[in-house]
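Quick look at final.cif (mmCIF, N, CA and C atoms):
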data_coords
#
loop_
_atom_site.label_atom_id
_atom_site.label_comp_id
_atom_site.auth_asym_id
_atom_site.auth_seq_id
_atom_site.Cartn_x
_atom_site.Cartn_y
_atom_site.Cartn_z
N MET A 1 -2.09 -3.15 -16.61
CA MET A 1 -3.46 -2.96 -16.20
C MET A 1 -3.59 -1.61 -15.49
N ILE A 2 -4.68 -0.97 -15.73
CA ILE A 2 -5.03 0.26 -15.02
C ILE A 2 -6.42 0.03 -14.43
N ARG A 3 -6.56 0.38 -13.16
CA ARG A 3 -7.85 0.24 -12.50
C ARG A 3 -8.25 1.60 -11.95
N SER A 4 -9.44 2.03 -12.24
CA SER A 4 -9.97 3.30 -11.76
C SER A 4 -10.45 3.15 -10.31
N LYS A 5 -10.39 4.23 -9.57
CA LYS A 5 -10.86 4.20 -8.18
C LYS A 5 -12.30 3.71 -8.09
N LYS A 6 -13.11 4.08 -9.06
CA LYS A 6 -14.53 3.67 -9.03
C LYS A 6 -14.69 2.16 -9.18
N ASP A 7 -13.64 1.48 -9.67
CA ASP A 7 -13.69 0.03 -9.84
C ASP A 7 -13.15 -0.72 -8.62
N GLY A 8 -12.69 0.02 -7.61
CA GLY A 8 -12.18 -0.62 -6.40
C GLY A 8 -13.30 -1.21 -5.57
N ASP A 9 -12.92 -2.01 -4.60
CA ASP A 9 -13.87 -2.61 -3.66
C ASP A 9 -14.12 -1.59 -2.56
N ILE A 10 -15.27 -0.92 -2.62
CA ILE A 10 -15.58 0.18 -1.70
C ILE A 10 -16.43 -0.35 -0.54
N LYS A 11 -15.95 -0.10 0.68
CA LYS A 11 -16.69 -0.48 1.88
C LYS A 11 -16.86 0.74 2.77
N VAL A 12 -18.09 0.97 3.20
CA VAL A 12 -18.39 2.05 4.12
C VAL A 12 -18.56 1.41 5.49
N ASN A 13 -17.72 1.83 6.43
CA ASN A 13 -17.68 1.24 7.77
C ASN A 13 -18.17 2.23 8.80
N VAL A 14 -19.22 1.87 9.52
CA VAL A 14 -19.73 2.69 10.61
C VAL A 14 -19.05 2.23 11.89
N ASN A 15 -18.47 3.18 12.62
CA ASN A 15 -17.75 2.88 13.88
C ASN A 15 -16.69 1.80 13.66
N MET A 16 -15.82 2.02 12.66
CA MET A 16 -14.80 1.05 12.28
C MET A 16 -13.88 0.74 13.45
N LYS A 17 -13.75 -0.52 13.79
CA LYS A 17 -12.90 -1.01 14.89
C LYS A 17 -13.25 -0.30 16.20
N GLY A 18 -14.52 0.11 16.34
CA GLY A 18 -14.96 0.81 17.55
C GLY A 18 -14.73 2.30 17.52
N GLY A 19 -14.33 2.83 16.38
CA GLY A 19 -14.09 4.27 16.24
C GLY A 19 -15.38 5.05 16.07
N ASP A 20 -15.24 6.33 15.77
CA ASP A 20 -16.38 7.23 15.62
C ASP A 20 -16.68 7.50 14.15
N GLY A 21 -17.95 7.67 13.84
CA GLY A 21 -18.34 8.10 12.50
C GLY A 21 -18.24 7.01 11.45
N THR A 22 -18.19 7.47 10.21
CA THR A 22 -18.18 6.59 9.04
C THR A 22 -16.86 6.73 8.30
N VAL A 23 -16.24 5.60 8.00
CA VAL A 23 -14.95 5.57 7.31
C VAL A 23 -15.14 4.79 6.01
N THR A 24 -14.65 5.34 4.91
CA THR A 24 -14.76 4.67 3.61
C THR A 24 -13.39 4.09 3.23
N VAL A 25 -13.39 2.79 2.91
CA VAL A 25 -12.17 2.10 2.50
C VAL A 25 -12.37 1.63 1.06
N THR A 26 -11.48 2.05 0.17
CA THR A 26 -11.50 1.61 -1.21
C THR A 26 -10.26 0.76 -1.46
N ASN A 27 -10.45 -0.55 -1.54
CA ASN A 27 -9.34 -1.48 -1.77
C ASN A 27 -9.16 -1.63 -3.27
N MET A 28 -7.98 -1.26 -3.76
CA MET A 28 -7.74 -1.24 -5.21
C MET A 28 -7.22 -2.56 -5.77
N LEU A 29 -6.69 -3.43 -4.91
CA LEU A 29 -6.25 -4.75 -5.37
C LEU A 29 -7.18 -5.81 -4.80
N LYS A 30 -7.26 -6.93 -5.46
CA LYS A 30 -8.20 -7.96 -5.07
C LYS A 30 -7.47 -9.23 -4.64
N ALA A 31 -7.55 -9.53 -3.33
CA ALA A 31 -6.90 -10.72 -2.80
C ALA A 31 -7.46 -11.98 -3.44
N GLU A 32 -8.77 -11.98 -3.71
CA GLU A 32 -9.39 -13.17 -4.29
C GLU A 32 -8.88 -13.46 -5.71
N ASN A 33 -8.29 -12.48 -6.37
CA ASN A 33 -7.68 -12.67 -7.69
C ASN A 33 -6.18 -12.92 -7.58
N ASP A 34 -5.69 -13.10 -6.36
CA ASP A 34 -4.28 -13.34 -6.07
C ASP A 34 -3.39 -12.18 -6.51
N GLU A 35 -3.93 -10.96 -6.49
CA GLU A 35 -3.14 -9.79 -6.88
C GLU A 35 -2.10 -9.42 -5.82
N PHE A 36 -2.20 -10.00 -4.63
CA PHE A 36 -1.20 -9.78 -3.58
C PHE A 36 -0.20 -10.94 -3.53
N TYR A 37 -0.37 -11.91 -4.39
CA TYR A 37 0.49 -13.12 -4.39
C TYR A 37 0.51 -13.78 -3.02
N GLY A 38 -0.64 -13.71 -2.31
CA GLY A 38 -0.75 -14.34 -1.00
C GLY A 38 -0.02 -13.61 0.11
N LYS A 39 0.44 -12.38 -0.15
CA LYS A 39 1.27 -11.66 0.82
C LYS A 39 0.57 -10.47 1.48
N GLY A 40 -0.72 -10.25 1.19
CA GLY A 40 -1.39 -9.12 1.79
C GLY A 40 -2.88 -9.14 1.54
N ARG A 41 -3.56 -8.07 2.04
CA ARG A 41 -5.01 -8.02 1.89
C ARG A 41 -5.57 -6.62 1.65
N LEU A 42 -4.73 -5.58 1.72
CA LEU A 42 -5.25 -4.23 1.47
C LEU A 42 -4.19 -3.36 0.83
N PHE A 43 -4.57 -2.73 -0.27
CA PHE A 43 -3.84 -1.61 -0.85
C PHE A 43 -4.90 -0.69 -1.41
N GLY A 44 -5.07 0.45 -0.78
CA GLY A 44 -6.13 1.33 -1.23
C GLY A 44 -6.14 2.64 -0.48
N GLU A 45 -7.29 3.29 -0.55
CA GLU A 45 -7.45 4.60 0.08
C GLU A 45 -8.48 4.50 1.20
N ILE A 46 -8.16 5.15 2.30
CA ILE A 46 -9.08 5.27 3.42
C ILE A 46 -9.41 6.74 3.58
N GLU A 47 -10.71 7.05 3.71
CA GLU A 47 -11.13 8.44 3.92
C GLU A 47 -11.93 8.54 5.21
N LEU A 48 -11.46 9.45 6.09
CA LEU A 48 -12.14 9.71 7.36
C LEU A 48 -12.67 11.15 7.32
N PRO A 49 -13.98 11.34 7.39
CA PRO A 49 -14.52 12.70 7.46
C PRO A 49 -14.07 13.39 8.75
N VAL A 50 -14.27 14.67 8.82
CA VAL A 50 -13.92 15.44 10.02
C VAL A 50 -14.53 14.77 11.26
N GLY A 51 -13.70 14.52 12.27
CA GLY A 51 -14.13 13.93 13.53
C GLY A 51 -14.21 12.41 13.54
N ALA A 52 -14.11 11.77 12.39
CA ALA A 52 -14.20 10.30 12.34
C ALA A 52 -12.88 9.66 12.77
N SER A 53 -12.97 8.38 13.16
CA SER A 53 -11.77 7.67 13.59
C SER A 53 -11.89 6.18 13.29
N ILE A 54 -10.74 5.53 13.27
CA ILE A 54 -10.65 4.07 13.29
C ILE A 54 -10.18 3.72 14.69
N GLY A 55 -10.94 2.89 15.38
CA GLY A 55 -10.63 2.55 16.77
C GLY A 55 -9.34 1.75 16.91
N LYS A 56 -8.84 1.74 18.13
CA LYS A 56 -7.57 1.05 18.42
C LYS A 56 -7.74 -0.46 18.22
N HIS A 57 -6.78 -1.03 17.50
CA HIS A 57 -6.78 -2.47 17.24
C HIS A 57 -5.35 -2.94 17.03
N GLN A 58 -5.15 -4.24 17.19
CA GLN A 58 -3.82 -4.82 17.09
C GLN A 58 -3.70 -5.62 15.79
N HIS A 59 -2.49 -5.62 15.24
CA HIS A 59 -2.18 -6.43 14.06
C HIS A 59 -1.27 -7.57 14.50
N ASN A 60 -1.66 -8.78 14.13
CA ASN A 60 -0.87 -9.97 14.45
C ASN A 60 -0.61 -10.74 13.16
N GLY A 61 0.65 -10.98 12.86
CA GLY A 61 1.02 -11.70 11.65
C GLY A 61 0.95 -10.85 10.40
N GLU A 62 0.80 -9.55 10.57
CA GLU A 62 0.74 -8.62 9.44
C GLU A 62 1.15 -7.24 9.90
N MET A 63 1.49 -6.40 8.92
CA MET A 63 1.79 -4.99 9.20
C MET A 63 0.78 -4.13 8.47
N GLU A 64 0.60 -2.91 8.96
CA GLU A 64 -0.23 -1.93 8.25
C GLU A 64 0.53 -0.62 8.19
N CYS A 65 0.43 0.02 7.05
CA CYS A 65 1.11 1.28 6.81
C CYS A 65 0.10 2.26 6.23
N PHE A 66 0.07 3.49 6.76
CA PHE A 66 -0.73 4.57 6.21
C PHE A 66 0.22 5.64 5.66
N TYR A 67 -0.09 6.15 4.48
CA TYR A 67 0.62 7.31 3.93
C TYR A 67 -0.42 8.41 3.80
N VAL A 68 -0.21 9.52 4.50
CA VAL A 68 -1.19 10.60 4.56
C VAL A 68 -1.11 11.43 3.26
N ILE A 69 -2.24 11.50 2.54
CA ILE A 69 -2.27 12.27 1.29
C ILE A 69 -3.13 13.54 1.39
N ALA A 70 -3.92 13.66 2.46
CA ALA A 70 -4.70 14.89 2.67
C ALA A 70 -5.15 14.93 4.13
N GLY A 71 -5.22 16.14 4.68
CA GLY A 71 -5.77 16.32 6.01
C GLY A 71 -4.74 16.19 7.12
N LYS A 72 -5.29 16.10 8.35
CA LYS A 72 -4.47 16.04 9.56
C LYS A 72 -5.11 15.04 10.52
N GLY A 73 -4.26 14.23 11.15
CA GLY A 73 -4.78 13.22 12.05
C GLY A 73 -3.99 13.10 13.33
N ALA A 74 -4.59 12.39 14.30
CA ALA A 74 -3.92 12.01 15.53
C ALA A 74 -3.77 10.49 15.45
N PHE A 75 -2.51 10.03 15.39
CA PHE A 75 -2.19 8.62 15.24
C PHE A 75 -1.75 8.06 16.58
N ASP A 76 -2.45 7.03 17.06
CA ASP A 76 -2.08 6.34 18.29
C ASP A 76 -1.14 5.21 17.91
N ASP A 77 0.14 5.38 18.24
CA ASP A 77 1.19 4.44 17.90
C ASP A 77 1.54 3.64 19.16
N ASP A 78 0.82 2.54 19.41
CA ASP A 78 1.04 1.72 20.61
C ASP A 78 0.94 2.54 21.89
N GLY A 79 -0.04 3.44 21.93
CA GLY A 79 -0.28 4.24 23.13
C GLY A 79 0.33 5.63 23.11
N GLU A 80 1.18 5.92 22.15
CA GLU A 80 1.78 7.25 22.03
C GLU A 80 1.06 8.00 20.90
N ILE A 81 0.41 9.12 21.23
CA ILE A 81 -0.36 9.89 20.26
C ILE A 81 0.57 10.87 19.55
N LYS A 82 0.54 10.84 18.22
CA LYS A 82 1.37 11.72 17.41
C LYS A 82 0.51 12.36 16.33
N GLU A 83 0.71 13.65 16.10
CA GLU A 83 -0.01 14.33 15.03
C GLU A 83 0.64 14.01 13.70
N VAL A 84 -0.18 13.72 12.68
CA VAL A 84 0.33 13.40 11.35
C VAL A 84 -0.36 14.27 10.31
N SER A 85 0.37 14.53 9.22
CA SER A 85 -0.19 15.34 8.13
C SER A 85 0.41 14.87 6.81
N VAL A 86 0.07 15.56 5.74
CA VAL A 86 0.45 15.17 4.39
C VAL A 86 1.94 14.84 4.30
N GLY A 87 2.22 13.66 3.73
CA GLY A 87 3.58 13.21 3.54
C GLY A 87 4.10 12.30 4.63
N ASP A 88 3.37 12.19 5.74
CA ASP A 88 3.80 11.31 6.84
C ASP A 88 3.40 9.87 6.57
N ILE A 89 4.22 8.94 7.06
CA ILE A 89 3.93 7.51 7.00
C ILE A 89 3.76 7.00 8.42
N CYS A 90 2.68 6.27 8.65
CA CYS A 90 2.39 5.65 9.93
C CYS A 90 2.55 4.14 9.75
N TYR A 91 3.47 3.53 10.47
CA TYR A 91 3.77 2.11 10.31
C TYR A 91 3.42 1.37 11.59
N THR A 92 2.66 0.29 11.46
CA THR A 92 2.30 -0.55 12.59
C THR A 92 2.77 -1.97 12.32
N ALA A 93 3.73 -2.44 13.10
CA ALA A 93 4.31 -3.77 12.92
C ALA A 93 3.40 -4.84 13.54
N SER A 94 3.63 -6.09 13.16
CA SER A 94 2.93 -7.21 13.75
C SER A 94 3.14 -7.19 15.27
N GLY A 95 2.04 -7.37 16.01
CA GLY A 95 2.10 -7.35 17.47
C GLY A 95 1.84 -5.99 18.08
N SER A 96 1.79 -4.95 17.25
CA SER A 96 1.55 -3.59 17.73
C SER A 96 0.11 -3.17 17.49
N SER A 97 -0.30 -2.11 18.20
CA SER A 97 -1.66 -1.58 18.09
C SER A 97 -1.62 -0.15 17.59
N HIS A 98 -2.72 0.26 16.97
CA HIS A 98 -2.82 1.63 16.51
C HIS A 98 -4.28 2.04 16.33
N SER A 99 -4.47 3.34 16.21
CA SER A 99 -5.75 3.94 15.82
C SER A 99 -5.42 5.27 15.17
N ILE A 100 -6.42 5.85 14.53
CA ILE A 100 -6.22 7.17 13.92
C ILE A 100 -7.53 7.94 13.94
N ARG A 101 -7.42 9.26 14.16
CA ARG A 101 -8.59 10.15 14.22
C ARG A 101 -8.32 11.37 13.35
N ASN A 102 -9.34 11.80 12.62
CA ASN A 102 -9.25 13.04 11.85
C ASN A 102 -9.41 14.21 12.82
N ILE A 103 -8.36 15.03 12.96
CA ILE A 103 -8.42 16.19 13.85
C ILE A 103 -8.38 17.50 13.05
N GLY A 104 -8.49 17.40 11.75
CA GLY A 104 -8.44 18.59 10.90
C GLY A 104 -9.82 19.09 10.53
N ASP A 105 -9.85 20.02 9.59
CA ASP A 105 -11.12 20.61 9.14
C ASP A 105 -11.47 20.20 7.71
N GLU A 106 -10.85 19.11 7.24
CA GLU A 106 -11.14 18.53 5.92
C GLU A 106 -11.00 17.02 6.06
N PRO A 107 -11.49 16.26 5.09
CA PRO A 107 -11.33 14.80 5.18
C PRO A 107 -9.86 14.40 5.29
N LEU A 108 -9.60 13.39 6.11
CA LEU A 108 -8.28 12.79 6.23
C LEU A 108 -8.24 11.63 5.24
N ARG A 109 -7.29 11.67 4.30
CA ARG A 109 -7.19 10.63 3.28
C ARG A 109 -5.83 9.95 3.40
N LEU A 110 -5.88 8.63 3.39
CA LEU A 110 -4.68 7.81 3.58
C LEU A 110 -4.58 6.78 2.47
N VAL A 111 -3.37 6.51 2.01
CA VAL A 111 -3.11 5.31 1.23
C VAL A 111 -2.73 4.25 2.25
N ALA A 112 -3.40 3.10 2.20
CA ALA A 112 -3.18 2.06 3.20
C ALA A 112 -2.67 0.78 2.55
N LEU A 113 -1.80 0.10 3.28
CA LEU A 113 -1.24 -1.17 2.83
C LEU A 113 -1.16 -2.13 4.00
N ILE A 114 -1.70 -3.34 3.82
CA ILE A 114 -1.55 -4.41 4.81
C ILE A 114 -0.89 -5.58 4.13
N LEU A 115 0.26 -5.99 4.69
CA LEU A 115 1.01 -7.14 4.18
C LEU A 115 1.18 -8.16 5.29
N TYR A 116 1.18 -9.45 4.91
CA TYR A 116 1.39 -10.51 5.87
C TYR A 116 2.87 -10.67 6.19
N LYS A 117 3.14 -11.11 7.41
CA LYS A 117 4.51 -11.32 7.87
C LYS A 117 5.13 -12.50 7.15
#
Starting from the file, give its structure as structure tokens.
Amino acid sequence: MIRSKKDGDIKVNVNMKGGDGTVTVTNMLKAENDEFYGKGRLFGEIELPVGASIGKHQHNGEMECFYVIAGKGAFDDDGEIKEVSVGDICYTASGSSHSIRNIGDEPLRLVALILYK
């Protein structure tokens, strides 16, 4: 099967998790079709325009991973802020908290994955 980005489940989030601006999440797999085999809920692309952010939140019973494919961000890794750019992976384990902000001059684009513990 091949699925085009335009066929993904696109959600536009204003002030996502208490963050700033508008964040677009395109989920390419469908949990309701059991494409995660009951083991997750997100595999897709997240785009944060310049200055936008996803607010700090905790993951319980699941992990989230971001792979940076464009732009530059500030990743809050359980209270420690780290700059991330193309090729970096941001991993948040169950029980940990994170947030991310676009600090560059172009959209910050991430491949995101959430899997259950």
Close residues, Asp105 of chain A itself excluded, 8 Å, all atoms listed in the file, min 3 positions apart in chain, as a PDB file with N, CA and C atoms, keeping the file's coordinate frame:
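Below is the file selection.pdb, written as the result:
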ATOM      1  N   PRO A  49     -13.980  11.340   7.390  1.00  0.00           N
ATOM      2  CA  PRO A  49     -14.520  12.700   7.460  1.00  0.00           C
ATOM      3  C   PRO A  49     -14.070  13.390   8.750  1.00  0.00           C
ATOM      4  N   VAL A  50     -14.270  14.670   8.820  1.00  0.00           N
ATOM      5  CA  VAL A  50     -13.920  15.440  10.020  1.00  0.00           C
ATOM      6  C   VAL A  50     -14.530  14.770  11.260  1.00  0.00           C
ATOM      7  N   GLY A  51     -13.700  14.520  12.270  1.00  0.00           N
ATOM      8  CA  GLY A  51     -14.130  13.930  13.530  1.00  0.00           C
ATOM      9  C   GLY A  51     -14.210  12.410  13.540  1.00  0.00           C
ATOM     10  N   GLY A  71      -5.220  16.140   4.680  1.00  0.00           N
ATOM     11  CA  GLY A  71      -5.770  16.320   6.010  1.00  0.00           C
ATOM     12  C   GLY A  71      -4.740  16.190   7.120  1.00  0.00           C
ATOM     13  N   LYS A  72      -5.290  16.100   8.350  1.00  0.00           N
ATOM     14  CA  LYS A  72      -4.470  16.040   9.560  1.00  0.00           C
ATOM     15  C   LYS A  72      -5.110  15.040  10.520  1.00  0.00           C
ATOM     16  N   ASN A 102      -9.340  11.800  12.620  1.00  0.00           N
ATOM     17  CA  ASN A 102      -9.250  13.040  11.850  1.00  0.00           C
ATOM     18  C   ASN A 102      -9.410  14.210  12.820  1.00  0.00           C
ATOM     19  N   LEU A 108      -9.600  13.390   6.110  1.00  0.00           N
ATOM     20  CA  LEU A 108      -8.280  12.790   6.230  1.00  0.00           C
ATOM     21  C   LEU A 108      -8.240  11.630   5.240  1.00  0.00           C
TER      22      LEU A 108
END
Quick one: residues within 6.5 Å of Asp9 of chain A, only N, CA and C atoms counted, chain neighbours fewer than 6 positions away excluded, as a ChimeraX atom specification? /A:25-29
For Ile69 of chain A, please output as an mmCIF file with N, CA and C atoms, in the coordinates of the input all residues within 6 Å (counting only N, CA and C atoms; exclusion window: fewer than 2 positions along the same chain).
data_model
loop_
_atom_site.group_PDB
_atom_site.id
_atom_site.type_symbol
_atom_site.label_atom_id
_atom_site.label_comp_id
_atom_site.auth_asym_id
_atom_site.auth_seq_id
_atom_site.Cartn_x
_atom_site.Cartn_y
_atom_site.Cartn_z
ATOM 1 N N TYR A 67 -0.090 6.150 4.480
ATOM 2 C CA TYR A 67 0.620 7.310 3.930
ATOM 3 C C TYR A 67 -0.420 8.410 3.800
ATOM 4 N N GLY A 71 -5.220 16.140 4.680
ATOM 5 C CA GLY A 71 -5.770 16.320 6.010
ATOM 6 C C GLY A 71 -4.740 16.190 7.120
ATOM 7 N N VAL A 86 0.070 15.560 5.740
ATOM 8 C CA VAL A 86 0.450 15.170 4.390
ATOM 9 C C VAL A 86 1.940 14.840 4.300
ATOM 10 N N GLY A 87 2.220 13.660 3.730
ATOM 11 C CA GLY A 87 3.580 13.210 3.540
ATOM 12 C C GLY A 87 4.100 12.300 4.630
ATOM 13 N N ARG A 109 -7.290 11.670 4.300
ATOM 14 C CA ARG A 109 -7.190 10.630 3.280
ATOM 15 C C ARG A 109 -5.830 9.950 3.400
ATOM 16 N N LEU A 110 -5.880 8.630 3.390
ATOM 17 C CA LEU A 110 -4.680 7.810 3.580
ATOM 18 C C LEU A 110 -4.580 6.780 2.470
ATOM 19 N N VAL A 111 -3.370 6.510 2.010
ATOM 20 C CA VAL A 111 -3.110 5.310 1.230
ATOM 21 C C VAL A 111 -2.730 4.250 2.250
#
Nearest to Lys82 of chain A, chosen from A:Ile100, A:Val68, A:Val23, A:Ile10, with only C-alpha atoms counted in the distances: A:Ile100
Here's a test: counting only C-alpha atoms, identify every protein, DNA and RNA residue with an atom at most 8 Å from (-5.9, -12.0, 4.2) in the file's coordinate frame, and state them as a list in words. Ala31, Gly38, Lys39, Gly40, Arg41 and Tyr116 of chain A
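Residue nearest Asn15 of chain A, chosen from A:Ile54, A:Ile46, A:Met1, A:Ile81 and counting only N, CA and C atoms: A:Ile54.
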So which residues of chain A fall under strand (DSSP E) by DSSP, listed as a count of residues only? 67
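Remark: for Phe66 of chain A, the closest of the candidate residues A:Lys5, A:His98, A:Lys30, A:Lys11 is A:His98 (distances computed over only C-alpha atoms).
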A:Glu62, A:Asp7, A:Glu32, A:Asp78 ranked by distance to Ala93 of chain A, top pick (using only C-alpha atoms): A:Glu62
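Note that the spacing between atom N of Tyr91 of chain A and atom C of Val14 of chain A amounts to 22.6 Å.
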Among the residues A:Phe43, A:His57, A:Asp88, A:Tyr37, the one that comes closest to Gly19 of chain A [using only C-alpha atoms]: A:His57
Distance in Å - atom CA of His59 of chain A versus atom C of Gly44 of chain A: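 Computing the Euclidean distance for atom CA of His59 of chain A and atom C of Gly44 of chain A yields 17.6 Å.
Proximity ranking of A:Gly79, A:Pro107, A:Ser53, A:Met63 relative to Gly95 of chain A places A:Met63 first, based on only C-alpha atoms.
Taking only C-alpha atoms into account, the polymer residues that have an atom no farther than 12 Å from (-9.6, -8.0, 13.9) are Met16, Lys17, Gly18, Gly55, Lys56, His57, Gln58, His59, Asn60, Gly61, Glu62 and Ser97 of chain A.
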Could you check how far atom C of Glu106 of chain A sits from atom CA of Ser85 of chain A, in Å to one decimal? 11.1 Å
